[in-house]
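Coordinates from query04.cif are shown below (mmCIF, C-alpha atoms).
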```
data_coords
#
loop_
_atom_site.group_PDB
_atom_site.id
_atom_site.type_symbol
_atom_site.label_atom_id
_atom_site.label_comp_id
_atom_site.auth_asym_id
_atom_site.auth_seq_id
_atom_site.Cartn_x
_atom_site.Cartn_y
_atom_site.Cartn_z
ATOM 1 C CA ASN A 1 20.240 11.773 -29.505
ATOM 2 C CA LEU A 2 19.076 8.177 -29.090
ATOM 3 C CA MET A 3 18.284 7.633 -32.795
ATOM 4 C CA ALA A 4 21.647 9.019 -33.903
ATOM 5 C CA GLN A 5 23.477 6.742 -31.460
ATOM 6 C CA LEU A 6 21.607 3.680 -32.675
ATOM 7 C CA LEU A 7 22.237 4.514 -36.341
ATOM 8 C CA SER A 8 25.957 4.977 -35.645
ATOM 9 C CA ILE A 9 26.363 1.358 -34.486
ATOM 10 C CA PRO A 10 28.451 -0.459 -37.145
ATOM 11 C CA GLU A 11 26.696 -3.221 -38.946
ATOM 12 C CA LYS A 12 27.875 -6.765 -38.454
ATOM 13 C CA ASP A 13 29.471 -6.978 -41.912
ATOM 14 C CA GLU A 14 31.589 -3.892 -41.065
ATOM 15 C CA LEU A 15 32.908 -5.515 -37.892
ATOM 16 C CA GLU A 16 33.701 -8.992 -39.285
ATOM 17 C CA PRO A 17 35.066 -10.247 -42.607
ATOM 18 C CA GLU A 18 32.491 -11.711 -44.890
ATOM 19 C CA THR A 19 32.155 -15.437 -44.316
ATOM 20 C CA THR A 20 31.617 -17.994 -46.993
ATOM 21 C CA ALA A 21 28.051 -18.482 -45.742
ATOM 22 C CA LEU A 22 27.293 -14.782 -46.110
ATOM 23 C CA THR A 23 28.881 -14.615 -49.591
ATOM 24 C CA SER A 24 26.876 -17.563 -50.773
ATOM 25 C CA SER A 25 23.663 -16.237 -49.222
ATOM 26 C CA ASN A 26 20.778 -15.110 -51.402
ATOM 27 C CA VAL A 27 20.274 -12.070 -49.116
ATOM 28 C CA SER A 28 21.603 -8.962 -50.841
ATOM 29 C CA PRO A 29 23.573 -6.298 -48.875
ATOM 30 C CA MET A 30 20.725 -3.823 -49.507
ATOM 31 C CA ARG A 31 18.123 -6.181 -48.057
ATOM 32 C CA ALA A 32 20.348 -6.911 -45.028
ATOM 33 C CA ARG A 33 20.748 -3.166 -44.396
ATOM 34 C CA LYS A 34 16.975 -2.666 -44.581
ATOM 35 C CA GLN A 35 16.490 -5.423 -42.038
ATOM 36 C CA ASN A 36 19.091 -3.849 -39.726
ATOM 37 C CA LEU A 37 17.456 -0.431 -40.037
ATOM 38 C CA PHE A 38 14.074 -1.965 -39.259
ATOM 39 C CA GLN A 39 15.511 -3.585 -36.119
ATOM 40 C CA ILE A 40 17.088 -0.294 -35.024
ATOM 41 C CA TYR A 41 13.832 1.618 -35.490
ATOM 42 C CA ALA A 42 11.933 -1.098 -33.623
ATOM 43 C CA VAL A 43 14.332 -0.932 -30.655
ATOM 44 C CA ALA A 44 14.166 2.876 -30.635
ATOM 45 C CA ALA A 45 10.369 2.813 -30.692
ATOM 46 C CA CYS A 46 10.284 0.400 -27.758
ATOM 47 C CA LEU A 47 12.655 2.614 -25.760
ATOM 48 C CA VAL A 48 10.579 5.732 -26.465
ATOM 49 C CA LEU A 49 7.421 3.867 -25.447
ATOM 50 C CA ALA A 50 9.046 2.679 -22.215
ATOM 51 C CA VAL A 51 10.178 6.205 -21.336
ATOM 52 C CA GLY A 52 6.665 7.480 -22.070
ATOM 53 C CA ILE A 53 5.107 4.878 -19.770
ATOM 54 C CA VAL A 54 7.493 5.731 -16.902
ATOM 55 C CA PHE A 55 6.824 9.452 -17.382
ATOM 56 C CA SER A 56 3.068 8.851 -17.357
ATOM 57 C CA ILE A 57 3.260 6.785 -14.168
ATOM 58 C CA ASN A 58 5.266 9.561 -12.462
ATOM 59 C CA ILE A 59 2.765 12.252 -13.472
ATOM 60 C CA ASN A 60 -0.373 10.326 -12.585
ATOM 61 C CA GLY A 61 0.842 8.317 -9.628
ATOM 62 C CA GLY A 62 2.577 10.801 -7.338
ATOM 63 C CA PRO A 63 3.766 14.343 -6.714
ATOM 64 C CA SER A 64 6.012 16.058 -9.233
ATOM 65 C CA PRO A 65 9.553 17.118 -8.260
ATOM 66 C CA ALA A 66 8.283 20.718 -7.964
ATOM 67 C CA ASP A 67 5.510 19.576 -5.601
ATOM 68 C CA ILE A 68 8.033 17.738 -3.420
ATOM 69 C CA VAL A 69 10.127 20.910 -3.165
ATOM 70 C CA PHE A 70 6.959 22.790 -2.216
ATOM 71 C CA GLY A 71 6.369 20.281 0.589
ATOM 72 C CA ASP A 72 9.896 20.887 1.858
ATOM 73 C CA ASP A 73 9.214 24.646 1.832
ATOM 74 C CA ILE A 74 6.140 24.065 4.020
ATOM 75 C CA LEU A 75 8.131 22.097 6.597
ATOM 76 C CA TYR A 76 10.867 24.728 6.600
ATOM 77 C CA HIS A 77 8.240 27.416 7.296
ATOM 78 C CA LEU A 78 6.863 25.438 10.248
ATOM 79 C CA HIS A 79 10.294 25.217 11.835
ATOM 80 C CA HIS A 80 10.658 28.955 11.284
ATOM 81 C CA ASP A 81 7.448 29.419 13.350
ATOM 82 C CA ILE A 82 8.399 26.733 15.848
ATOM 83 C CA GLU A 83 8.261 28.973 18.941
ATOM 84 C CA GLU A 84 4.545 29.666 18.589
ATOM 85 C CA ILE A 85 3.812 26.060 17.638
ATOM 86 C CA ASP A 86 5.679 24.842 20.710
ATOM 87 C CA ASP A 87 3.821 27.314 22.952
ATOM 88 C CA ILE A 88 0.430 26.021 21.798
ATOM 89 C CA THR A 89 1.594 22.399 21.988
ATOM 90 C CA ASN A 90 2.781 22.962 25.568
ATOM 91 C CA GLY A 91 -0.510 24.536 26.659
ATOM 92 C CA GLU A 92 0.537 28.185 26.760
ATOM 93 C CA THR A 93 -2.480 30.500 26.955
ATOM 94 C CA TYR A 94 -3.612 31.667 23.523
ATOM 95 C CA ALA A 95 -7.177 32.949 23.273
ATOM 96 C CA VAL A 96 -9.499 31.138 20.881
ATOM 97 C CA LEU A 97 -10.067 33.397 17.868
ATOM 98 C CA ASP A 98 -13.535 34.075 16.501
ATOM 99 C CA LEU A 99 -14.557 33.605 12.863
ATOM 100 C CA GLU A 100 -14.056 37.257 11.958
ATOM 101 C CA GLU A 101 -10.472 37.243 13.236
ATOM 102 C CA VAL A 102 -9.699 33.992 11.435
ATOM 103 C CA ASN A 103 -11.161 35.212 8.136
ATOM 104 C CA PHE A 104 -9.323 38.527 8.376
ATOM 105 C CA SER A 105 -6.051 36.593 8.111
ATOM 106 C CA MET A 106 -7.304 34.039 5.595
ATOM 107 C CA ALA A 107 -8.399 36.832 3.244
ATOM 108 C CA ASN A 108 -4.714 37.439 2.603
ATOM 109 C CA ALA A 109 -4.658 34.205 0.593
ATOM 110 C CA GLY A 110 -8.069 34.794 -1.019
ATOM 111 C CA THR A 111 -9.932 32.352 1.227
ATOM 112 C CA ARG A 112 -12.343 32.320 4.134
ATOM 113 C CA LEU A 113 -14.031 29.864 6.476
ATOM 114 C CA VAL A 114 -17.732 29.513 5.726
ATOM 115 C CA SER A 115 -18.507 28.422 9.271
ATOM 116 C CA TYR A 116 -16.548 27.917 12.443
ATOM 117 C CA GLY A 117 -17.592 27.201 15.967
ATOM 118 C CA ALA A 118 -18.101 24.669 18.736
ATOM 119 C CA GLU A 119 -19.944 22.312 16.397
ATOM 120 C CA GLN A 120 -16.741 21.836 14.390
ATOM 121 C CA LYS A 121 -14.669 21.496 17.584
ATOM 122 C CA LEU A 122 -12.113 23.894 16.153
ATOM 123 C CA GLU A 123 -10.093 26.059 18.489
ATOM 124 C CA VAL A 124 -7.920 28.309 16.346
ATOM 125 C CA ARG A 125 -5.320 29.907 18.614
ATOM 126 C CA SER A 126 -3.359 31.836 16.002
ATOM 127 C CA ALA A 127 -4.146 33.178 12.539
ATOM 128 C CA LYS A 128 -1.833 35.362 10.502
ATOM 129 C CA PRO A 129 -0.648 36.047 6.967
ATOM 130 C CA CYS A 130 2.645 34.352 6.155
ATOM 131 C CA GLU A 131 5.131 34.037 3.320
ATOM 132 C CA ILE A 132 6.095 30.594 2.078
ATOM 133 C CA LEU A 133 6.600 31.278 -1.626
ATOM 134 C CA PRO A 134 7.586 34.884 -2.473
ATOM 135 C CA ALA A 135 5.226 35.219 -5.446
ATOM 136 C CA TYR A 136 2.097 33.950 -3.646
ATOM 137 C CA GLU A 137 -0.072 34.920 -0.696
ATOM 138 C CA SER A 138 -0.713 32.539 2.182
ATOM 139 C CA ALA A 139 -2.208 32.379 5.668
ATOM 140 C CA HIS A 140 -1.208 30.195 8.606
ATOM 141 C CA LEU A 141 -3.707 29.051 11.231
ATOM 142 C CA VAL A 142 -2.660 27.147 14.347
ATOM 143 C CA LEU A 143 -5.253 25.221 16.297
ATOM 144 C CA GLU A 144 -5.211 22.927 19.256
ATOM 145 C CA GLY A 145 -5.273 19.248 18.347
ATOM 146 C CA SER A 146 -5.306 16.061 20.372
ATOM 147 C CA HIS A 147 -1.513 15.755 20.500
ATOM 148 C CA GLY A 148 -0.336 19.329 20.118
ATOM 149 C CA ALA A 149 -0.616 22.210 17.699
ATOM 150 C CA ILE A 150 -2.006 21.633 14.199
ATOM 151 C CA SER A 151 -1.036 24.032 11.431
ATOM 152 C CA VAL A 152 -3.487 24.768 8.629
ATOM 153 C CA ILE A 153 -1.980 26.730 5.759
ATOM 154 C CA VAL A 154 -3.787 28.035 2.681
ATOM 155 C CA ILE A 155 -1.797 29.382 -0.244
ATOM 156 C CA ASN A 156 -2.970 30.639 -3.623
ATOM 157 C CA ASN A 157 -0.266 29.017 -5.750
ATOM 158 C CA SER A 158 -1.063 26.496 -8.490
ATOM 159 C CA PRO A 159 -2.756 23.360 -7.116
ATOM 160 C CA VAL A 160 -0.398 20.406 -6.770
ATOM 161 C CA ASP A 161 -0.783 17.520 -9.207
ATOM 162 C CA VAL A 162 -2.091 15.095 -6.599
ATOM 163 C CA GLU A 163 -2.821 14.974 -2.866
ATOM 164 C CA PHE A 164 0.282 13.730 -1.040
ATOM 165 C CA SER A 165 1.869 13.404 2.396
ATOM 166 C CA ILE A 166 4.852 15.267 3.821
ATOM 167 C CA SER A 167 6.915 14.554 6.935
ATOM 168 C CA ASP A 168 10.203 15.112 8.694
ATOM 169 C CA GLU A 169 11.724 14.040 12.008
ATOM 170 C CA ARG A 170 8.894 15.734 13.956
ATOM 171 C CA PHE A 171 5.931 16.643 11.763
ATOM 172 C CA ALA A 172 3.593 14.778 9.432
ATOM 173 C CA GLY A 173 1.021 16.339 7.173
ATOM 174 C CA ILE A 174 -0.844 16.375 3.909
ATOM 175 C CA ILE A 175 -1.063 18.765 0.958
ATOM 176 C CA LEU A 176 -4.454 18.945 -0.745
ATOM 177 C CA PRO A 177 -5.083 20.643 -4.112
ATOM 178 C CA MET A 178 -8.146 22.912 -4.020
ATOM 179 C CA GLU A 179 -10.017 25.221 -6.399
ATOM 180 C CA GLN A 180 -7.570 28.119 -6.582
ATOM 181 C CA GLY A 181 -4.607 26.877 -4.590
ATOM 182 C CA ASN A 182 -3.578 24.428 -1.906
ATOM 183 C CA MET A 183 -4.466 23.624 1.675
ATOM 184 C CA ILE A 184 -1.895 22.039 3.964
ATOM 185 C CA LEU A 185 -2.495 20.414 7.346
ATOM 186 C CA VAL A 186 0.474 19.459 9.510
ATOM 187 C CA GLY A 187 0.665 18.175 13.081
ATOM 188 C CA GLU A 188 2.771 16.049 15.366
ATOM 189 C CA LYS A 189 3.478 12.586 13.939
ATOM 190 C CA ASN A 190 0.926 10.893 16.210
ATOM 191 C CA GLU A 191 -1.876 13.344 15.346
ATOM 192 C CA ASP A 192 -4.894 12.024 13.417
ATOM 193 C CA LEU A 193 -5.453 14.682 10.761
ATOM 194 C CA ASN A 194 -8.338 12.993 8.946
ATOM 195 C CA GLN A 195 -11.134 14.745 10.848
ATOM 196 C CA TYR A 196 -9.491 18.135 10.308
ATOM 197 C CA VAL A 197 -9.041 17.478 6.597
ATOM 198 C CA SER A 198 -12.811 16.930 6.304
ATOM 199 C CA MET A 199 -13.674 19.967 8.454
ATOM 200 C CA PHE A 200 -11.515 22.405 6.549
ATOM 201 C CA SER A 201 -12.010 21.060 3.030
ATOM 202 C CA GLU A 202 -15.774 21.426 3.517
ATOM 203 C CA ASN A 203 -15.547 24.888 5.121
ATOM 204 C CA VAL A 204 -12.822 26.691 3.180
ATOM 205 C CA GLU A 205 -14.118 28.886 0.365
ATOM 206 C CA TRP A 206 -11.931 30.592 -2.223
ATOM 207 C CA ILE A 207 -12.915 34.198 -2.882
ATOM 208 C CA ILE A 208 -10.257 35.179 -5.448
#
```
Final structure tokens representation of the file:
Amino acid sequence: NLMAQLLSIPEKDELEPETTALTSSNVSPMRARKQNLFQIYAVAACLVLAVGIVFSININGGPSPADIVFGDDILYHLHHDIEEIDDITNGETYAVLDLEEVNFSMANAGTRLVSYGAEQKLEVRSAKPCEILPAYESAHLVLEGSHGAISVIVINNSPVDVEFSISDERFAGIILPMEQGNMILVGEKNEDLNQYVSMFSENVEWII
């Protein structure tokens, strides 16, 4: 480990012959060794502190590596469902689903929409259970946005550490930690998702 490596560094008097100045010095070998040990412990403490600061910044300032992998899984799932997304983006006829139909699918992930209608300007064209992570339940809604289909996914896995953005060559989105899981909104790169984030975060209720 780090401490063992530092302690294994030969002392100066082991690397070089004693000089006349050192022989005539009033500093005893024992005192010199204590000073060297103190310096080693001081350096080690500084290194541990620096590592701790970097680790803290990573935890508090951005998504964890596991969260980033989760974001990649979301994007992979969207490309798996790309045919339906493309249909809605291209204006293919999909009936607007009512609240009961939407909540029937959302119940799979232990969630429901409290309200949904013309006042929210939401037109959900598809709602179905889906599998993103094998050990967790999720539901995938697809609604009509300003620049194509918008996917809203709810999943009852552990909430991510912090809200963060995801994107690839086509899509851009955001993952939001919620009470009992996560909500993800993804659309075309030129889609403004802010209004939909507010609509769904205020209307999604966890029932698990």
| From A:Asn156, A:Asp192, A:Arg112, A:Ile82, residue lying nearest Val142 in chain A [all atoms listed in the file] | A:Ile82
| What's the 9 Å shell around Ser165 in chain A, counting all atoms listed in the file, without same-chain residues fewer than 4 positions away, as a ChimeraX atom specification? | /A:71,172-176
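Of the residues under consideration (A:Asn190, A:Asn182, A:Asn203, A:Thr111), A:Asn190 shows the shortest atom-to-atom contact distance to Gly145 in chain A when counting only C-alpha atoms.
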| Which is closest to Ala127 in chain A among A:Glu191, A:Glu84, A:Glu202, A:Asp161, if we use all atoms listed in the file? |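 That would be A:Glu84, the residue with the smallest distance to Ala127 in chain A.
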| task | Take the point (-1.9, 28.9, 7.2) in the file's coordinates, draw a sphere of radius 8 Å around it, and report as number ranges by chain every protein, DNA or RNA residue with an atom inside or on it, counting all atoms listed in the file. | result | A: 106, 127-130, 138-142, 151-155, 184
